[in-house]
Each structure stands twice: as structure tokens, then as C-alpha cells.
$ cat coords35.pdb   # PDB, C-alpha atoms, pLDDT in the B column
ATOM      1  CA  MET A1045      14.398   7.343   2.867  1.00 57.00           C
ATOM      2  CA  GLY A1046      12.512   6.675  -0.302  1.00 79.00           C
ATOM      3  CA  GLU A1047      11.123   3.210   0.355  1.00 81.00           C
ATOM      4  CA  TYR A1048       7.607   2.591   1.629  1.00 83.00           C
ATOM      5  CA  TYR A1049       6.051  -0.670   2.752  1.00 85.00           C
ATOM      6  CA  TYR A1050       2.739  -2.133   3.802  1.00 88.00           C
ATOM      7  CA  SER A1051       1.513  -5.693   4.111  1.00 89.00           C
ATOM      8  CA  VAL A1052      -1.774  -7.526   4.197  1.00 91.00           C
ATOM      9  CA  ARG A1053      -2.376 -10.619   6.324  1.00 90.00           C
ATOM     10  CA  ILE A1054      -4.864 -13.015   4.746  1.00 91.00           C
ATOM     11  CA  PHE A1055      -6.430 -15.109   7.484  1.00 89.00           C
ATOM     12  CA  THR A1056      -6.415 -18.895   7.277  1.00 86.00           C
ATOM     13  CA  ASP A1057     -10.034 -19.559   6.266  1.00 86.00           C
ATOM     14  CA  GLN A1058     -10.125 -16.796   3.633  1.00 88.00           C
ATOM     15  CA  GLU A1059      -9.645 -18.137   0.106  1.00 88.00           C
ATOM     16  CA  PRO A1060      -6.303 -16.532  -0.923  1.00 88.00           C
ATOM     17  CA  SER A1061      -7.146 -16.607  -4.635  1.00 86.00           C
ATOM     18  CA  SER A1062      -9.970 -14.164  -3.843  1.00 89.00           C
ATOM     19  CA  VAL A1063      -7.543 -11.492  -2.595  1.00 91.00           C
ATOM     20  CA  TRP A1064      -5.425  -9.134  -4.742  1.00 89.00           C
ATOM     21  CA  VAL A1065      -2.863  -6.847  -3.102  1.00 92.00           C
ATOM     22  CA  GLY A1066      -0.763  -4.053  -4.587  1.00 90.00           C
ATOM     23  CA  TRP A1067      -0.837  -0.465  -5.784  1.00 89.00           C
ATOM     24  CA  VAL A1068      -3.107   1.670  -7.982  1.00 88.00           C
ATOM     25  CA  THR A1069      -2.748   5.120  -9.529  1.00 86.00           C
ATOM     26  CA  PRO A1070      -5.309   7.931  -9.080  1.00 85.00           C
ATOM     27  CA  ASP A1071      -6.848   7.247 -12.497  1.00 86.00           C
ATOM     28  CA  PHE A1072      -7.739   3.624 -11.666  1.00 83.00           C
ATOM     29  CA  HIS A1073     -11.498   3.008 -11.437  1.00 77.00           C
ATOM     30  CA  GLN A1074     -13.119  -0.323 -10.632  1.00 75.00           C
ATOM     31  CA  HIS A1075     -16.731  -0.479 -11.808  1.00 71.00           C
ATOM     32  CA  ASP A1076     -17.263  -4.229 -11.895  1.00 74.00           C
ATOM     33  CA  PRO A1077     -17.973  -5.858  -8.492  1.00 73.00           C
ATOM     34  CA  ASN A1078     -15.666  -8.755  -9.475  1.00 75.00           C
ATOM     35  CA  PHE A1079     -11.990  -7.834  -9.809  1.00 75.00           C
ATOM     36  CA  GLU A1080     -10.126  -9.608 -12.622  1.00 74.00           C
ATOM     37  CA  LEU A1081      -6.431  -8.878 -13.076  1.00 70.00           C
ATOM     38  CA  SER A1082      -6.655  -9.998 -16.698  1.00 72.00           C
ATOM     39  CA  HIS A1083      -9.114  -7.142 -17.415  1.00 73.00           C
ATOM     40  CA  ILE A1084      -6.647  -4.408 -16.426  1.00 75.00           C
ATOM     41  CA  CYS A1085      -5.542  -2.382 -19.438  1.00 73.00           C
ATOM     42  CA  THR A1086      -1.838  -1.953 -20.039  1.00 72.00           C
ATOM     43  CA  VAL A1087       0.040  -0.027 -22.693  1.00 73.00           C
ATOM     44  CA  THR A1088       3.588  -0.611 -23.849  1.00 71.00           C
ATOM     45  CA  VAL A1089       5.348   2.519 -25.058  1.00 74.00           C
ATOM     46  CA  THR A1090       8.399   1.795 -27.210  1.00 76.00           C
ATOM     47  CA  MET A1091      10.798   4.462 -28.402  1.00 79.00           C
ATOM     48  CA  GLY A1092      13.122   3.881 -31.308  1.00 81.00           C
ATOM     49  CA  ASN A1093      14.922   5.559 -34.136  1.00 81.00           C
ATOM     50  CA  ASP A1094      14.111   5.859 -37.822  1.00 82.00           C
ATOM     51  CA  LYS A1095      16.013   2.598 -38.521  1.00 82.00           C
ATOM     52  CA  GLY A1096      13.697   0.584 -36.284  1.00 79.00           C
ATOM     53  CA  ASN A1097      16.129   0.135 -33.384  1.00 83.00           C
ATOM     54  CA  VAL A1098      14.441   0.137 -29.981  1.00 80.00           C
ATOM     55  CA  HIS A1099      15.978   2.574 -27.486  1.00 74.00           C
ATOM     56  CA  ASP A1100      13.547   2.264 -24.624  1.00 74.00           C
ATOM     57  CA  SER A1101      10.353   0.425 -23.803  1.00 70.00           C
ATOM     58  CA  ILE A1102       8.078   0.762 -20.789  1.00 69.00           C
ATOM     59  CA  LYS A1103       4.850  -0.992 -19.882  1.00 70.00           C
ATOM     60  CA  CYS A1104       2.311   1.388 -18.335  1.00 75.00           C
ATOM     61  CA  SER A1105      -0.738   0.519 -16.256  1.00 81.00           C
ATOM     62  CA  ASN A1106      -2.876   2.044 -13.538  1.00 82.00           C
ATOM     63  CA  CYS A1107      -3.054  -1.117 -11.405  1.00 86.00           C
ATOM     64  CA  TYR A1108      -0.157  -3.246 -10.116  1.00 87.00           C
ATOM     65  CA  MET A1109      -1.371  -6.258  -8.146  1.00 88.00           C
ATOM     66  CA  VAL A1110      -0.491  -9.795  -7.066  1.00 89.00           C
ATOM     67  CA  GLU A1111      -3.050 -12.484  -6.353  1.00 88.00           C
ATOM     68  CA  GLY A1112      -2.968 -14.018  -2.888  1.00 86.00           C
ATOM     69  CA  GLY A1113      -3.676 -17.474  -4.248  1.00 78.00           C
ATOM     70  CA  GLY A1114      -0.300 -18.300  -5.662  1.00 66.00           C
ATOM     71  CA  GLU A1115       0.969 -15.891  -8.280  1.00 53.00           C
ATOM     72  CA  PHE A1116       4.353 -16.728  -6.838  1.00 52.00           C
ATOM     73  CA  GLY A1117       6.181 -17.939  -9.934  1.00 41.00           C
ATOM     74  CA  SER A1118       7.549 -21.459  -9.927  1.00 41.00           C
ATOM     75  CA  THR A1119       6.090 -24.455  -8.119  1.00 46.00           C
ATOM     76  CA  ALA A1120       9.297 -24.620  -6.062  1.00 47.00           C
ATOM     77  CA  GLN A1121       8.527 -21.119  -4.800  1.00 46.00           C
ATOM     78  CA  GLN A1122       4.942 -22.085  -4.007  1.00 48.00           C
ATOM     79  CA  ALA A1123       6.163 -24.947  -1.814  1.00 48.00           C
ATOM     80  CA  TRP A1124       7.531 -22.589   0.866  1.00 46.00           C
ATOM     81  CA  VAL A1125       4.548 -20.227   0.777  1.00 49.00           C
ATOM     82  CA  SER A1126       2.128 -21.348   3.446  1.00 50.00           C
ATOM     83  CA  HIS A1127      -1.432 -20.177   2.887  1.00 53.00           C
ATOM     84  CA  ALA A1128      -2.100 -20.285   6.651  1.00 66.00           C
ATOM     85  CA  ASN A1129      -2.183 -16.596   7.618  1.00 78.00           C
ATOM     86  CA  LEU A1130      -0.450 -15.602   4.398  1.00 89.00           C
ATOM     87  CA  VAL A1131       1.210 -12.168   4.605  1.00 90.00           C
ATOM     88  CA  ILE A1132       1.767 -10.338   1.320  1.00 93.00           C
ATOM     89  CA  GLY A1133       4.200  -7.439   1.554  1.00 92.00           C
ATOM     90  CA  CYS A1134       4.247  -4.532  -0.895  1.00 91.00           C
ATOM     91  CA  LEU A1135       7.376  -2.387  -1.187  1.00 89.00           C
ATOM     92  CA  VAL A1136       7.909   0.607  -3.450  1.00 87.00           C
ATOM     93  CA  ASP A1137      11.315   2.238  -3.855  1.00 87.00           C
ATOM     94  CA  LEU A1138      10.864   5.827  -5.001  1.00 81.00           C
ATOM     95  CA  ALA A1139      14.520   6.181  -6.028  1.00 83.00           C
ATOM     96  CA  THR A1140      14.321   3.344  -8.573  1.00 86.00           C
ATOM     97  CA  SER A1141      10.532   3.377  -9.174  1.00 85.00           C
ATOM     98  CA  LEU A1142      10.531  -0.368  -8.530  1.00 88.00           C
ATOM     99  CA  MET A1143       7.665  -2.233  -6.843  1.00 89.00           C
ATOM    100  CA  THR A1144       8.434  -5.593  -5.280  1.00 91.00           C
ATOM    101  CA  PHE A1145       6.341  -8.081  -3.336  1.00 92.00           C
ATOM    102  CA  THR A1146       6.932 -10.682  -0.634  1.00 91.00           C
ATOM    103  CA  ALA A1147       4.966 -13.679   0.605  1.00 91.00           C
ATOM    104  CA  ASN A1148       5.504 -14.502   4.283  1.00 89.00           C
ATOM    105  CA  GLY A1149       8.675 -12.385   4.228  1.00 87.00           C
ATOM    106  CA  LYS A1150      10.280 -13.997   1.169  1.00 90.00           C
ATOM    107  CA  ASP A1151      10.675 -12.246  -2.187  1.00 91.00           C
ATOM    108  CA  ILE A1152       8.426 -13.430  -4.989  1.00 90.00           C
ATOM    109  CA  ASN A1153       9.141 -13.189  -8.706  1.00 88.00           C
ATOM    110  CA  THR A1154       6.587 -10.450  -9.362  1.00 87.00           C
ATOM    111  CA  PHE A1155       7.818  -6.880  -9.656  1.00 86.00           C
ATOM    112  CA  PHE A1156       6.864  -3.767 -11.597  1.00 87.00           C
ATOM    113  CA  GLN A1157       8.895  -0.841 -12.878  1.00 85.00           C
ATOM    114  CA  VAL A1158       6.883   2.384 -12.986  1.00 84.00           C
ATOM    115  CA  GLU A1159       7.633   5.807 -14.364  1.00 81.00           C
ATOM    116  CA  PRO A1160       9.320   8.210 -11.916  1.00 80.00           C
ATOM    117  CA  ASN A1161       6.948  10.428  -9.920  1.00 80.00           C
ATOM    118  CA  THR A1162       3.988   8.087 -10.417  1.00 82.00           C
ATOM    119  CA  LYS A1163       1.497   8.687  -7.620  1.00 84.00           C
ATOM    120  CA  LEU A1164       0.598   5.328  -6.042  1.00 85.00           C
ATOM    121  CA  PHE A1165      -1.958   4.257  -3.469  1.00 85.00           C
ATOM    122  CA  PRO A1166      -2.069   0.949  -1.593  1.00 88.00           C
ATOM    123  CA  ALA A1167      -4.981  -1.200  -2.739  1.00 89.00           C
ATOM    124  CA  VAL A1168      -6.598  -4.504  -1.827  1.00 90.00           C
ATOM    125  CA  PHE A1169      -9.473  -6.172  -3.636  1.00 88.00           C
ATOM    126  CA  THR A1170     -11.169  -9.123  -2.030  1.00 89.00           C
ATOM    127  CA  LEU A1171     -14.151 -11.396  -2.372  1.00 87.00           C
ATOM    128  CA  PRO A1172     -14.807 -12.432   1.251  1.00 88.00           C
ATOM    129  CA  THR A1173     -15.192 -16.122   2.008  1.00 88.00           C
ATOM    130  CA  ILE A1174     -15.219 -15.582   5.806  1.00 88.00           C
ATOM    131  CA  GLN A1175     -16.210 -12.756   8.132  1.00 87.00           C
ATOM    132  CA  THR A1176     -12.650 -11.786   9.160  1.00 84.00           C
ATOM    133  CA  VAL A1177     -10.921 -11.496   5.803  1.00 85.00           C
ATOM    134  CA  ILE A1178      -7.681  -9.484   6.029  1.00 86.00           C
ATOM    135  CA  GLN A1179      -5.593  -7.287   8.291  1.00 86.00           C
ATOM    136  CA  PHE A1180      -3.524  -4.292   7.139  1.00 84.00           C
ATOM    137  CA  GLU A1181      -0.055  -3.958   8.622  1.00 80.00           C
ATOM    138  CA  LEU A1182       1.449  -0.537   7.982  1.00 73.00           C
ATOM    139  CA  GLY A1183       5.163  -1.334   8.280  1.00 66.00           C
ATOM    140  CA  LYS A1184       7.514  -3.898   9.750  1.00 64.00           C
ATOM    141  CA  LEU A1185      10.792  -3.705   7.820  1.00 67.00           C
ATOM    142  CA  LYS A1186      14.006  -2.239   9.241  1.00 66.00           C
ATOM    143  CA  ASN A1187      15.103   1.031   7.570  1.00 63.00           C
ATOM    144  CA  ILE A1188      11.908   1.181   5.488  1.00 67.00           C
ATOM    145  CA  MET A1189       9.279   3.842   6.141  1.00 62.00           C
ATOM    146  CA  PRO A1190       5.741   2.592   6.789  1.00 61.00           C
ATOM    147  CA  ILE A1191       3.095   3.574   4.261  1.00 64.00           C
ATOM    148  CA  SER A1192       1.529   5.840   6.927  1.00 60.00           C
ATOM    149  CA  ALA A1193       4.583   8.132   6.582  1.00 61.00           C
ATOM    150  CA  ALA A1194       3.727   8.720   2.934  1.00 62.00           C
ATOM    151  CA  MET A1195      -0.026   9.046   3.368  1.00 59.00           C
ATOM    152  CA  PHE A1196      -0.277  11.375   6.386  1.00 58.00           C
ATOM    153  CA  SER A1197       1.781  14.587   6.339  1.00 60.00           C
ATOM    154  CA  SER A1198       1.904  14.688  10.153  1.00 61.00           C
ATOM    155  CA  GLU A1199       3.606  11.253  10.099  1.00 57.00           C
ATOM    156  CA  ARG A1200       6.120  12.047   7.330  1.00 58.00           C
ATOM    157  CA  LYS A1201       9.254  11.495   9.460  1.00 63.00           C
ATOM    158  CA  ASN A1202       7.816   9.000  11.940  1.00 62.00           C
ATOM    159  CA  PRO A1203       9.374   5.531  11.479  1.00 61.00           C
ATOM    160  CA  GLU A1204       6.654   3.983  13.681  1.00 62.00           C
ATOM    161  CA  PRO A1205       3.574   2.952  11.670  1.00 54.00           C
ATOM    162  CA  GLN A1206       0.420   4.634  12.895  1.00 56.00           C
ATOM    163  CA  CYS A1207      -2.579   6.652  11.849  1.00 55.00           C
ATOM    164  CA  PRO A1208      -2.768  10.208  13.181  1.00 49.00           C
ATOM    165  CA  PRO A1209      -5.286  10.895  15.963  1.00 48.00           C
TER     166      PRO A1209
END
$ encode --input "coords35.pdb" --output "C-alpha cells"
Amino acid sequence: MGEYYYSVRIFTDQEPSSVWVGWVTPDFHQHDPNFELSHICTVTVTMGNDKGNVHDSIKCSNCYMVEGGGEFGSTAQQAWVSHANLVIGCLVDLATSLMTFTANGKDINTFFQVEPNTKLFPAVFTLPTIQTVIQFELGKLKNIMPISAAMFSSERKNPEPQCPP
């Protein structure tokens, strides 16, 4: 099994546009108290030949996030996404190096392709608007390992999400 999943429940009174959910690499550092996705540096590496033909192109970053407030593509997609107890799911497939996201169990149009063997950590940035802001859920998908299996060596083969004692 090379797929890992976690989700974040954003409670009803929390402003969803103040929550960002996703993955970061070990070299990501947040120094500003206010997180802005537009301030994340990205680099596009393009490989070609001496005639100017592009063979391969990859966009690299150290932060892969979605905003809880509606970065869900089209307005038709936003119609079925209820912001009452919004659950954003984050799935990474190690075999394809593809990151995908869900909102209340339905796929959204945001995905990222990362380089193979990229070390990723689950991350959430939030500006609280209520006292009870979010809830982490370590895994709920059939045939997908919970993120706890990747993070804790004692839980590596345990399909039940939990933190070790």
C-alpha cells in the first residue's frame, strides 16, 4: 500500500477561508504569522534539447495546500460543498507521486504532482475565528493507509488510525 490519507474537519463557525490544508516538505519554513498561499515560492524546471523542444517540465514547491474557503474550482463544484463542518481530505499516492484533495468526500479540481521520493508532512495553517477550530482525522478511506502508518514506525502496518501510546 502506497497511499496515505488524512483529513481536517473545519467546524461550522470557523471561517473556512482562514484555513489551509495540505502537505509541506522538510525545507518549508513559515516566518510570517499570516499564511498567504500566493507568497509560496515555486520553480518550474523544464528540460529540452538543443533545438528548443521541451521534453519534460515539472513545477517544484515546498508547500502544497488548498484553502478551506472555496478553492474548489468551478462555481458548480462549490454548490455541493457545504461549509457546515467542512471536511478536507488529503491523499498522497507514493506510486504515482500524486497529491489529491477532497471536500466532504468529493474530489476537487486541485492536485499536485511531486517528484518521486519527496518527503512530505501533513500541514494545516489557520487563523482562528472561534475557540474550537479544526479536528484532525487520521484515516477513513477503504484500502488506504492512515497517515499515522507513515509517521509512526510502530504503526507502519496498522490499517487502524491511531497514535502510539
$ resolve_selection --input "coords35.pdb" --expression "the PyMOL selection byres ((chain A and resi 1060) around 9)" --output "mmCIF file with C-alpha atoms, in the coordinates of the input"
data_model
loop_
_atom_site.group_PDB
_atom_site.id
_atom_site.type_symbol
_atom_site.label_atom_id
_atom_site.label_comp_id
_atom_site.auth_asym_id
_atom_site.auth_seq_id
_atom_site.Cartn_x
_atom_site.Cartn_y
_atom_site.Cartn_z
ATOM 1 C CA ILE A 1054 -4.864 -13.015 4.746
ATOM 2 C CA PHE A 1055 -6.430 -15.109 7.484
ATOM 3 C CA THR A 1056 -6.415 -18.895 7.277
ATOM 4 C CA ASP A 1057 -10.034 -19.559 6.266
ATOM 5 C CA GLN A 1058 -10.125 -16.796 3.633
ATOM 6 C CA GLU A 1059 -9.645 -18.137 0.106
ATOM 7 C CA SER A 1061 -7.146 -16.607 -4.635
ATOM 8 C CA SER A 1062 -9.970 -14.164 -3.843
ATOM 9 C CA VAL A 1063 -7.543 -11.492 -2.595
ATOM 10 C CA TRP A 1064 -5.425 -9.134 -4.742
ATOM 11 C CA GLU A 1111 -3.050 -12.484 -6.353
ATOM 12 C CA GLY A 1112 -2.968 -14.018 -2.888
ATOM 13 C CA GLY A 1113 -3.676 -17.474 -4.248
ATOM 14 C CA GLY A 1114 -0.300 -18.300 -5.662
ATOM 15 C CA HIS A 1127 -1.432 -20.177 2.887
ATOM 16 C CA LEU A 1130 -0.450 -15.602 4.398
ATOM 17 C CA THR A 1170 -11.169 -9.123 -2.030
#
$ closest_residue --input "coords35.pdb" --among "A:Lys1095, A:Phe1180, A:Cys1107, A:Ile1174" --to "Phe1072 (chain A)" --atoms "only C-alpha atoms"
A:Cys1107
$ atom_distance --input "coords35.pdb" --atom1 "CA of Tyr1049 (chain A)" --atom2 "CA of Ile1178 (chain A)"
16.6 Å
$ atom_distance --input "coords35.pdb" --atom1 "CA of His1083 (chain A)" --atom2 "CA of Ser1141 (chain A)"
23.8 Å
$ resolve_selection --input "coords35.pdb" --expression "the PyMOL selection byres ((chain A and resi 1105) around 10)" --output "compact mmCIF listing (two decimals) with C-alpha atoms, keeping the file's coordinate frame"
# COMPACT_ATOMS: atom_id res chain seq x y z
CA VAL A 1068 -3.11 1.67 -7.98
CA THR A 1069 -2.75 5.12 -9.53
CA ASP A 1071 -6.85 7.25 -12.50
CA PHE A 1072 -7.74 3.62 -11.67
CA ILE A 1084 -6.65 -4.41 -16.43
CA CYS A 1085 -5.54 -2.38 -19.44
CA THR A 1086 -1.84 -1.95 -20.04
CA VAL A 1087 0.04 -0.03 -22.69
CA THR A 1088 3.59 -0.61 -23.85
CA ILE A 1102 8.08 0.76 -20.79
CA LYS A 1103 4.85 -0.99 -19.88
CA CYS A 1104 2.31 1.39 -18.34
CA ASN A 1106 -2.88 2.04 -13.54
CA CYS A 1107 -3.05 -1.12 -11.40
CA TYR A 1108 -0.16 -3.25 -10.12
CA PHE A 1156 6.86 -3.77 -11.60
CA VAL A 1158 6.88 2.38 -12.99
$ resolve_selection --input "coords35.pdb" --expression "the PyMOL selection byres ((chain A and resi 1155) around 6)" --output "PyMOL selection string"
chain A and resi 1143-1144+1154+1156
$ atom_distance --input "coords35.pdb" --atom1 "CA of Gln1179 (chain A)" --atom2 "CA of Asn1129 (chain A)"
9.9 Å
$ closest_residue --input "coords35.pdb" --among "A:Glu1047, A:Glu1181, A:Glu1159, A:Glu1080" --to "Ser1101 (chain A)" --atoms "all atoms listed in the file"
A:Glu1159
$ residues_around --input "coords35.pdb" --residues "region 1166-1168 of chain A" --least-positions-apart "6" --cutoff "6 Å" --atoms "all atoms listed in the file" --output "MDAnalysis selection string"
chainID A and resid 1064:1067
